[in-house]
Amino acid sequence: MISFLLDVDDLADTRFAISPLREVMGSLRALRAPGLYPLHTHWRRSVLDRLDPADARLLGSLVAESLTLPDFLTPRPTTFAPALEDQLAVVRATPPDLVRRDLFATHAPRPLPDVLRQITAPGDAPVAELLEELCELLLRYWELAMAPDWPRMRLVLEADITHRARQLAMGGAQLLFSDLHRNVRWREGVLRIDRMIGRHAVDGSGRGLRLVPSLFAHKPAPPLSADEPPMLAYPGRGAATLWEPRPEPDASALTALLGAPRTTVLRLLAEPLPTVELARRLGVTPSAVSQHLKVLHATGLVTRARDGRRVLYRRTPLGDQLACHA
């Protein structure tokens, strides 16, 4: 069990963030342990078919048999959604001693994989060379495996954060953490993460808590080292919808009346949905969806209601008749 001791200042500085580098590293777990990530099976096969074998060996060495990851390759985000290049700049600046500490801790009690043995050589130069090699490799991997689907991934992660922020606003830390994952418990100022390999307590000490949703997390994942500030990657909601095919326009009388985009939006609104979720499912920008919703609302085909910080849209009875019987 790993515990975070959070005082009032830490709770006040509890923030959500999206971490491209955390998703890159999490996806390496999916490559190594496909049984834990059945939703990403097709994606995994596609990536492995295109990945250079030498790159695959080095990437695989960054994930232990226990699926732990080096802390220096999952840095705590300092902004809501940092660019991958900015996060890699943080990695490049990691002191050699921390690189060694994290790689040995990741693979303990087993020895380092052969491809990482260069860091055992004396001096800092071997570590600096490895850091540069890893950053270049992770950028190549990002462009091959993640960048094409990142807009869709980010929208799913943002939808999860919208839900979590509403939980926090409605029920405070108690509701937020009770809904995060069954392995996470909040009681009397202590956030406990059960079923972890390590066992230690981390004092927040006014550093706050970062909550990072992930599409490649099968359970909550705090930093491996007790010296790292409080951060928790957790399984994001909506991962099952990530690879759903986008709805095809319905060539019907309704399409002729409204146009294909507005018809598709209307058909999706059988349940209340916010703009960001509609945009994710359609693969377009939220601003484009907003324009369609404005027209549909003005013509009485959809209604809207505020739910906390979100505005939810849903078909009106007239919209139901058109969508279901056209």
# chains A, B, ... in the order shown; residues from 1 in each chain; ligands from 1
call {"tool": "residues_around", "arguments": {"residues": "A:Leu211", "least_positions_apart": "6", "cutoff": "7 Å", "atoms": "only C-alpha atoms", "output": "MDAnalysis selection string"}}
result
chainID A and resid 15:17 231:233
call {"tool": "write_last_selection", "arguments": {"atoms": "N, CA and C atoms", "output": "PDB file, in the first residue's frame"}}
result
ATOM      1  N   ARG A  15      -5.094  19.006  -8.573  1.00  0.00           N
ATOM      2  CA  ARG A  15      -5.392  19.388  -9.953  1.00  0.00           C
ATOM      3  C   ARG A  15      -5.338  18.178 -10.866  1.00  0.00           C
ATOM      4  N   PHE A  16      -6.068  18.302 -11.964  1.00  0.00           N
ATOM      5  CA  PHE A  16      -6.023  17.292 -13.011  1.00  0.00           C
ATOM      6  C   PHE A  16      -5.069  17.750 -14.105  1.00  0.00           C
ATOM      7  N   ALA A  17      -4.501  16.794 -14.804  1.00  0.00           N
ATOM      8  CA  ALA A  17      -3.600  17.114 -15.913  1.00  0.00           C
ATOM      9  C   ALA A  17      -3.633  15.982 -16.923  1.00  0.00           C
ATOM     10  N   MET A 231       1.450  12.203  -6.998  1.00  0.00           N
ATOM     11  CA  MET A 231       0.845  12.147  -8.322  1.00  0.00           C
ATOM     12  C   MET A 231       0.215  10.770  -8.486  1.00  0.00           C
ATOM     13  N   LEU A 232      -0.922  10.721  -9.145  1.00  0.00           N
ATOM     14  CA  LEU A 232      -1.595   9.439  -9.330  1.00  0.00           C
ATOM     15  C   LEU A 232      -2.175   9.378 -10.732  1.00  0.00           C
ATOM     16  N   ALA A 233      -1.645   8.450 -11.535  1.00  0.00           N
ATOM     17  CA  ALA A 233      -2.272   8.124 -12.810  1.00  0.00           C
ATOM     18  C   ALA A 233      -3.348   7.074 -12.536  1.00  0.00           C
TER      19      ALA A 233
END
call {"tool": "closest_atom_pairs", "arguments": {"of": "stretch 220-308 of chain A", "to": "stretch 148-162 of chain A", "cutoff": "10 Å", "atoms": "only C-alpha atoms", "output": "CSV"}}
result
residue,atom,partner,partner_atom,distance
A:Pro235,CA,A:Asp160,CA,9.5
A:Gly236,CA,A:Asp160,CA,6.0
A:Arg237,CA,A:Asp160,CA,5.4
A:Gly238,CA,A:Val156,CA,6.2
A:Ala239,CA,A:Val156,CA,7.2
A:Ala240,CA,A:Val156,CA,9.9
A:Thr241,CA,A:Val156,CA,8.3
A:Leu242,CA,A:Met153,CA,6.9
A:Trp243,CA,A:Arg152,CA,9.0
A:Pro274,CA,A:Ala159,CA,8.8
A:Thr275,CA,A:Ala159,CA,9.8
A:Val276,CA,A:Ala159,CA,6.8
A:Glu277,CA,A:Ala159,CA,6.4
A:Leu278,CA,A:Leu155,CA,9.7
A:Ala279,CA,A:Leu155,CA,7.9
A:Arg280,CA,A:Leu155,CA,5.5
A:Arg281,CA,A:Arg152,CA,8.2
A:Leu282,CA,A:Arg152,CA,9.5
A:Gly283,CA,A:Arg152,CA,6.8
A:Val284,CA,A:Arg152,CA,9.2
A:Thr285,CA,A:Pro151,CA,9.4
A:Pro286,CA,A:Leu155,CA,9.7
A:Gly308,CA,A:Thr162,CA,9.8
call {"tool": "write_last_selection", "arguments": {"atoms": "C-alpha atoms", "output": "tab-separated table (two decimals), in the first residue's frame"}}
result
chain	number	residue	atom	x	y	z
A	235	PRO	CA	-7.74	4.47	-15.49
A	236	GLY	CA	-9.73	7.06	-17.41
A	237	ARG	CA	-13.40	6.65	-18.21
A	238	GLY	CA	-14.47	6.06	-21.78
A	239	ALA	CA	-11.54	3.94	-22.96
A	240	ALA	CA	-14.03	1.45	-24.41
A	241	THR	CA	-15.34	4.13	-26.79
A	242	LEU	CA	-11.93	5.19	-28.08
A	243	TRP	CA	-11.79	2.83	-31.05
A	274	PRO	CA	-21.86	17.68	-23.47
A	275	THR	CA	-20.27	19.39	-26.46
A	276	VAL	CA	-16.83	17.89	-25.84
A	277	GLU	CA	-18.17	14.32	-25.91
A	278	LEU	CA	-20.11	14.93	-29.12
A	279	ALA	CA	-16.95	16.36	-30.67
A	280	ARG	CA	-14.95	13.30	-29.61
A	281	ARG	CA	-17.44	10.86	-31.10
A	282	LEU	CA	-17.66	12.77	-34.36
A	283	GLY	CA	-13.94	13.45	-34.64
A	284	VAL	CA	-14.41	17.20	-35.05
A	285	THR	CA	-13.72	20.29	-32.94
A	286	PRO	CA	-16.07	21.39	-30.13
A	308	GLY	CA	-22.61	21.66	-12.67
call {"tool": "select_by_dssp", "arguments": {"residues": "stretch 164-314 of chain A", "states": "alpha helix (DSSP H)", "output": "VMD selection string"}}
result
chain A and resid 164 to 178 253 to 258 260 to 268 275 to 282 286 to 298
call {"tool": "residues_around", "arguments": {"residues": "A:Arg100", "least_positions_apart": "5", "cutoff": "12 Å", "atoms": "only C-alpha atoms", "output": "list in words"}}
result
Pro70, Asp71, Phe72, Thr94, Pro95, Ala105, Thr106, His107, Ala108, Leu112, Leu116, Arg117, Gln118, Ile119, Thr120, Ala121, Pro122, Gly123, Asp124, Pro126, Val127, Ala128, Leu130 and Leu131 of chain A
call {"tool": "residues_around", "arguments": {"residues": "A:Pro230", "least_positions_apart": "3", "cutoff": "7 Å", "atoms": "only C-alpha atoms", "output": "list in words"}}
result
Phe4, Val202, Gly204, Gly208, Leu209 and Arg210 of chain A
call {"tool": "select_by_dssp", "arguments": {"residues": "stretch 125-323 of chain A", "states": "strand (DSSP E)", "output": "CSV table (one decimal) with N, CA and C atoms, in the first residue's frame"}}
result
chain,number,residue,atom,x,y,z
A,184,VAL,N,-8.5,2.7,-4.5
A,184,VAL,CA,-8.2,4.0,-3.9
A,184,VAL,C,-9.2,4.3,-2.7
A,185,ARG,N,-8.6,4.7,-1.6
A,185,ARG,CA,-9.4,5.0,-0.4
A,185,ARG,C,-9.0,6.3,0.2
A,186,TRP,N,-10.0,7.1,0.6
A,186,TRP,CA,-9.7,8.4,1.2
A,186,TRP,C,-10.3,8.4,2.6
A,187,ARG,N,-9.5,8.7,3.6
A,187,ARG,CA,-10.0,8.7,5.0
A,187,ARG,C,-9.0,9.6,5.8
A,190,VAL,N,-5.8,11.0,4.5
A,190,VAL,CA,-4.8,10.1,3.9
A,190,VAL,C,-5.5,9.4,2.7
A,191,LEU,N,-4.8,9.5,1.5
A,191,LEU,CA,-5.2,8.8,0.3
A,191,LEU,C,-4.4,7.5,0.2
A,192,ARG,N,-5.1,6.4,0.3
A,192,ARG,CA,-4.4,5.1,0.2
A,192,ARG,C,-4.6,4.4,-1.1
A,193,ILE,N,-3.5,3.9,-1.7
A,193,ILE,CA,-3.6,3.1,-2.9
A,193,ILE,C,-3.2,1.7,-2.6
A,200,HIS,N,4.9,2.5,1.3
A,200,HIS,CA,5.5,3.7,1.9
A,200,HIS,C,4.5,4.8,1.9
A,201,ALA,N,4.8,5.9,2.7
A,201,ALA,CA,3.9,7.0,2.8
A,201,ALA,C,4.6,8.2,2.3
A,202,VAL,N,3.9,9.1,1.6
A,202,VAL,CA,4.5,10.3,1.0
A,202,VAL,C,3.8,11.5,1.6
A,203,ASP,N,4.5,12.4,2.2
A,203,ASP,CA,3.9,13.6,2.8
A,203,ASP,C,3.8,14.6,1.7
A,209,LEU,N,-1.5,17.6,-5.1
A,209,LEU,CA,-1.7,16.3,-5.7
A,209,LEU,C,-2.1,16.5,-7.2
A,210,ARG,N,-1.4,15.7,-8.1
A,210,ARG,CA,-1.8,15.7,-9.5
A,210,ARG,C,-2.5,14.4,-9.8
A,211,LEU,N,-3.6,14.6,-10.4
A,211,LEU,CA,-4.4,13.4,-10.9
A,211,LEU,C,-4.4,13.4,-12.4
A,212,VAL,N,-3.9,12.2,-12.9
A,212,VAL,CA,-3.6,12.1,-14.4
A,212,VAL,C,-4.4,10.9,-14.9
A,213,PRO,N,-5.5,11.2,-15.7
A,213,PRO,CA,-6.2,10.1,-16.3
A,213,PRO,C,-5.4,9.4,-17.4
A,214,SER,N,-5.6,8.1,-17.6
A,214,SER,CA,-4.8,7.4,-18.6
A,214,SER,C,-5.7,6.4,-19.3
A,231,MET,N,1.4,12.2,-7.0
A,231,MET,CA,0.8,12.1,-8.3
A,231,MET,C,0.2,10.8,-8.5
A,232,LEU,N,-0.9,10.7,-9.1
A,232,LEU,CA,-1.6,9.4,-9.3
A,232,LEU,C,-2.2,9.4,-10.7
A,233,ALA,N,-1.6,8.4,-11.5
A,233,ALA,CA,-2.3,8.1,-12.8
A,233,ALA,C,-3.3,7.1,-12.5
A,234,TYR,N,-4.5,7.2,-13.2
A,234,TYR,CA,-5.6,6.3,-12.9
A,234,TYR,C,-6.3,6.0,-14.2
A,235,PRO,N,-7.0,4.8,-14.3
A,235,PRO,CA,-7.7,4.5,-15.5
A,235,PRO,C,-8.8,5.5,-15.8
A,273,LEU,N,-25.6,14.7,-23.6
A,273,LEU,CA,-24.2,14.7,-23.8
A,273,LEU,C,-23.7,16.1,-23.9
A,274,PRO,N,-22.5,16.4,-23.4
A,274,PRO,CA,-21.9,17.7,-23.5
A,274,PRO,C,-21.2,17.9,-24.8
A,302,VAL,N,-33.5,20.2,-30.0
A,302,VAL,CA,-32.7,19.8,-28.9
A,302,VAL,C,-33.0,20.8,-27.7
A,303,THR,N,-32.8,20.3,-26.5
A,303,THR,CA,-32.9,21.1,-25.3
A,303,THR,C,-31.6,21.1,-24.6
A,304,ARG,N,-31.4,22.0,-23.7
A,304,ARG,CA,-30.1,22.0,-23.0
A,304,ARG,C,-30.4,22.4,-21.6
A,305,ALA,N,-29.5,21.9,-20.7
A,305,ALA,CA,-29.6,22.1,-19.3
A,305,ALA,C,-28.2,22.1,-18.7
A,306,ARG,N,-28.0,23.0,-17.7
A,306,ARG,CA,-26.7,23.0,-17.0
A,306,ARG,C,-26.6,21.9,-16.0
A,307,ASP,N,-25.5,21.2,-15.9
A,307,ASP,CA,-25.2,20.2,-15.0
A,307,ASP,C,-23.9,20.5,-14.3
A,310,ARG,N,-21.0,21.8,-16.7
A,310,ARG,CA,-21.3,21.4,-18.0
A,310,ARG,C,-22.6,21.8,-18.5
A,311,VAL,N,-22.8,21.9,-19.8
A,311,VAL,CA,-24.1,22.1,-20.4
A,311,VAL,C,-24.4,20.8,-21.2
A,312,LEU,N,-25.5,20.1,-20.9
A,312,LEU,CA,-25.8,18.9,-21.5
A,312,LEU,C,-27.0,19.1,-22.5
A,313,TYR,N,-26.8,18.5,-23.7
A,313,TYR,CA,-27.8,18.6,-24.7
A,313,TYR,C,-28.6,17.3,-24.9
A,314,ARG,N,-29.9,17.4,-25.3
A,314,ARG,CA,-30.6,16.2,-25.5
A,314,ARG,C,-31.8,16.5,-26.5
A,315,ARG,N,-32.2,15.5,-27.2
A,315,ARG,CA,-33.3,15.7,-28.1
A,315,ARG,C,-34.6,16.1,-27.4
call {"tool": "atom_distance", "arguments": {"atom1": "atom CA of A:Gln291", "atom2": "atom CA of A:Ala256"}}
result
18.2 Å
call {"tool": "closest_atom_pairs", "arguments": {"of": "stretch 195-295 of chain A", "to": "stretch 22-37 of chain A", "cutoff": "7 Å", "atoms": "only C-alpha atoms", "output": "Markdown table"}}
result
| residue | atom | partner | partner_atom | distance |
| --- | --- | --- | --- | --- |
| A:Ser214 | CA | A:Glu23 | CA | 6.3 |
| A:Phe216 | CA | A:Gly26 | CA | 5.0 |
| A:Ala217 | CA | A:Gly26 | CA | 6.4 |
| A:His218 | CA | A:Leu36 | CA | 6.8 |
call {"tool": "closest_atom_pairs", "arguments": {"of": "stretch 119-238 of chain A", "to": "stretch 45-48 of chain A", "cutoff": "10 Å", "atoms": "only C-alpha atoms", "output": "JSON lines"}}
result
{"residue": "A:Tyr141", "atom": "CA", "partner": "A:Val47", "partner_atom": "CA", "distance": 9.1}
{"residue": "A:Leu144", "atom": "CA", "partner": "A:Val47", "partner_atom": "CA", "distance": 7.5}
{"residue": "A:Ala145", "atom": "CA", "partner": "A:Val47", "partner_atom": "CA", "distance": 5.8}
{"residue": "A:Met146", "atom": "CA", "partner": "A:Val47", "partner_atom": "CA", "distance": 9.2}
call {"tool": "closest_residue", "arguments": {"among": "A:Pro20, A:Pro96, A:Pro222, A:Pro113", "to": "A:Leu59", "atoms": "only C-alpha atoms"}}
result
A:Pro113
